[in-house]
Amino acid sequence: MNAPIWSPCKKICVVDPNQSMCVGCFRTLDELGRWTLMSHEERLAIKAELKEREAAYRAANGKP
């Protein structure tokens, strides 16, 4: 049996069309589309970037 695939999804799926990014989990549309095809290492590399992406998005959009 395969292990479940970790996902940062928060069930708040809202895409900012200007950023091509989900503002719930901060993955890009490309990452969302390829998520189940990525290796565990690829997903971990993206996971390491998500908090920084969220902070940058919030700062650029005047959100706390």
# chains A, B, ... in the order shown; residues from 1 in each chain; ligands from 1
$ select_by_dssp --residues "stretch 13-48 of chain A" --states "strand (DSSP E)" --output "CSV table (one decimal) with N, CA and C atoms, in the first residue's frame"
chain,number,residue,atom,x,y,z
A,15,VAL,N,-7.9,31.2,-6.1
A,15,VAL,CA,-6.8,31.6,-6.9
A,15,VAL,C,-6.7,33.1,-7.2
A,16,ASP,N,-5.5,33.6,-6.9
A,16,ASP,CA,-5.3,35.0,-7.3
A,16,ASP,C,-4.8,35.0,-8.7
A,21,MET,N,-1.7,31.8,-8.2
A,21,MET,CA,-1.4,31.1,-7.0
A,21,MET,C,-2.6,31.0,-6.2
A,22,CYS,N,-2.8,29.9,-5.5
A,22,CYS,CA,-3.8,29.7,-4.5
A,22,CYS,C,-3.5,30.4,-3.3
$ residues_around --residues "stretch 56-61 of chain A" --least-positions-apart "4" --cutoff "12 Å" --atoms "only C-alpha atoms" --output "PyMOL selection string"
chain A and resi 16+18-27+49-52
$ atom_distance --atom1 "atom CA of A:Ser7" --atom2 "atom CA of A:Ala55"
19.0 Å
$ select_by_dssp --residues "chain A" --states "alpha helix (DSSP H)" --output "PDB file with N, CA and C atoms, in the first residue's frame"
ATOM      1  N   LEU A  29      -0.396  27.461  -9.737  1.00  0.00           N
ATOM      2  CA  LEU A  29      -1.302  26.601 -10.513  1.00  0.00           C
ATOM      3  C   LEU A  29      -0.562  25.409 -11.083  1.00  0.00           C
ATOM      4  N   ASP A  30       0.666  25.618 -11.534  1.00  0.00           N
ATOM      5  CA  ASP A  30       1.477  24.512 -12.053  1.00  0.00           C
ATOM      6  C   ASP A  30       1.714  23.470 -10.962  1.00  0.00           C
ATOM      7  N   GLU A  31       2.071  23.913  -9.766  1.00  0.00           N
ATOM      8  CA  GLU A  31       2.309  22.981  -8.660  1.00  0.00           C
ATOM      9  C   GLU A  31       1.041  22.227  -8.292  1.00  0.00           C
ATOM     10  N   LEU A  32      -0.081  22.916  -8.270  1.00  0.00           N
ATOM     11  CA  LEU A  32      -1.351  22.258  -7.969  1.00  0.00           C
ATOM     12  C   LEU A  32      -1.649  21.152  -8.980  1.00  0.00           C
ATOM     13  N   GLY A  33      -1.411  21.454 -10.243  1.00  0.00           N
ATOM     14  CA  GLY A  33      -1.704  20.488 -11.295  1.00  0.00           C
ATOM     15  C   GLY A  33      -0.786  19.277 -11.291  1.00  0.00           C
ATOM     16  N   ARG A  34       0.449  19.468 -10.848  1.00  0.00           N
ATOM     17  CA  ARG A  34       1.433  18.377 -10.880  1.00  0.00           C
ATOM     18  C   ARG A  34       1.647  17.704  -9.531  1.00  0.00           C
ATOM     19  N   HIS A  40       8.439  12.963  -3.585  1.00  0.00           N
ATOM     20  CA  HIS A  40       8.371  13.422  -2.200  1.00  0.00           C
ATOM     21  C   HIS A  40       9.356  14.579  -1.986  1.00  0.00           C
ATOM     22  N   GLU A  41      10.523  14.484  -2.576  1.00  0.00           N
ATOM     23  CA  GLU A  41      11.542  15.518  -2.441  1.00  0.00           C
ATOM     24  C   GLU A  41      11.092  16.843  -3.069  1.00  0.00           C
ATOM     25  N   GLU A  42      10.432  16.759  -4.215  1.00  0.00           N
ATOM     26  CA  GLU A  42       9.922  17.972  -4.862  1.00  0.00           C
ATOM     27  C   GLU A  42       8.875  18.653  -3.982  1.00  0.00           C
ATOM     28  N   ARG A  43       7.987  17.864  -3.403  1.00  0.00           N
ATOM     29  CA  ARG A  43       6.962  18.427  -2.531  1.00  0.00           C
ATOM     30  C   ARG A  43       7.581  19.056  -1.283  1.00  0.00           C
ATOM     31  N   LEU A  44       8.605  18.423  -0.730  1.00  0.00           N
ATOM     32  CA  LEU A  44       9.276  18.992   0.437  1.00  0.00           C
ATOM     33  C   LEU A  44       9.966  20.308   0.098  1.00  0.00           C
ATOM     34  N   ALA A  45      10.539  20.406  -1.088  1.00  0.00           N
ATOM     35  CA  ALA A  45      11.197  21.646  -1.513  1.00  0.00           C
ATOM     36  C   ALA A  45      10.173  22.778  -1.608  1.00  0.00           C
ATOM     37  N   ILE A  46       8.999  22.476  -2.117  1.00  0.00           N
ATOM     38  CA  ILE A  46       7.934  23.488  -2.214  1.00  0.00           C
ATOM     39  C   ILE A  46       7.427  23.838  -0.821  1.00  0.00           C
ATOM     40  N   LYS A  47       7.270  22.832   0.018  1.00  0.00           N
ATOM     41  CA  LYS A  47       6.811  23.068   1.396  1.00  0.00           C
ATOM     42  C   LYS A  47       7.707  24.085   2.088  1.00  0.00           C
ATOM     43  N   ALA A  48       9.009  23.995   1.851  1.00  0.00           N
ATOM     44  CA  ALA A  48       9.965  24.904   2.482  1.00  0.00           C
ATOM     45  C   ALA A  48       9.777  26.356   2.036  1.00  0.00           C
ATOM     46  N   GLU A  49       9.136  26.576   0.905  1.00  0.00           N
ATOM     47  CA  GLU A  49       8.934  27.921   0.357  1.00  0.00           C
ATOM     48  C   GLU A  49       7.589  28.547   0.724  1.00  0.00           C
ATOM     49  N   LEU A  50       6.652  27.770   1.202  1.00  0.00           N
ATOM     50  CA  LEU A  50       5.281  28.247   1.339  1.00  0.00           C
ATOM     51  C   LEU A  50       5.107  29.387   2.337  1.00  0.00           C
ATOM     52  N   LYS A  51       5.763  29.331   3.480  1.00  0.00           N
ATOM     53  CA  LYS A  51       5.607  30.411   4.466  1.00  0.00           C
ATOM     54  C   LYS A  51       6.162  31.719   3.919  1.00  0.00           C
ATOM     55  N   GLU A  52       7.272  31.643   3.210  1.00  0.00           N
ATOM     56  CA  GLU A  52       7.852  32.848   2.606  1.00  0.00           C
ATOM     57  C   GLU A  52       6.929  33.412   1.527  1.00  0.00           C
ATOM     58  N   ARG A  53       6.346  32.533   0.732  1.00  0.00           N
ATOM     59  CA  ARG A  53       5.390  32.980  -0.299  1.00  0.00           C
ATOM     60  C   ARG A  53       4.200  33.671   0.334  1.00  0.00           C
ATOM     61  N   GLU A  54       3.685  33.075   1.416  1.00  0.00           N
ATOM     62  CA  GLU A  54       2.529  33.661   2.089  1.00  0.00           C
ATOM     63  C   GLU A  54       2.879  35.037   2.651  1.00  0.00           C
ATOM     64  N   ALA A  55       4.024  35.152   3.307  1.00  0.00           N
ATOM     65  CA  ALA A  55       4.443  36.431   3.882  1.00  0.00           C
ATOM     66  C   ALA A  55       4.602  37.488   2.796  1.00  0.00           C
ATOM     67  N   ALA A  56       5.218  37.120   1.676  1.00  0.00           N
ATOM     68  CA  ALA A  56       5.418  38.062   0.571  1.00  0.00           C
ATOM     69  C   ALA A  56       4.074  38.486  -0.018  1.00  0.00           C
ATOM     70  N   TYR A  57       3.168  37.539  -0.171  1.00  0.00           N
ATOM     71  CA  TYR A  57       1.847  37.849  -0.719  1.00  0.00           C
ATOM     72  C   TYR A  57       1.098  38.812   0.203  1.00  0.00           C
ATOM     73  N   ARG A  58       1.104  38.506   1.483  1.00  0.00           N
ATOM     74  CA  ARG A  58       0.393  39.347   2.443  1.00  0.00           C
ATOM     75  C   ARG A  58       0.999  40.746   2.495  1.00  0.00           C
ATOM     76  N   ALA A  59       2.315  40.848   2.482  1.00  0.00           N
ATOM     77  CA  ALA A  59       2.979  42.160   2.510  1.00  0.00           C
ATOM     78  C   ALA A  59       2.649  42.966   1.261  1.00  0.00           C
ATOM     79  N   ALA A  60       2.632  42.314   0.124  1.00  0.00           N
ATOM     80  CA  ALA A  60       2.358  43.002  -1.147  1.00  0.00           C
ATOM     81  C   ALA A  60       0.905  43.439  -1.257  1.00  0.00           C
TER      82      ALA A  60
END
$ atom_distance --atom1 "atom CA of A:Ile5" --atom2 "atom CA of A:Leu37"
10.1 Å
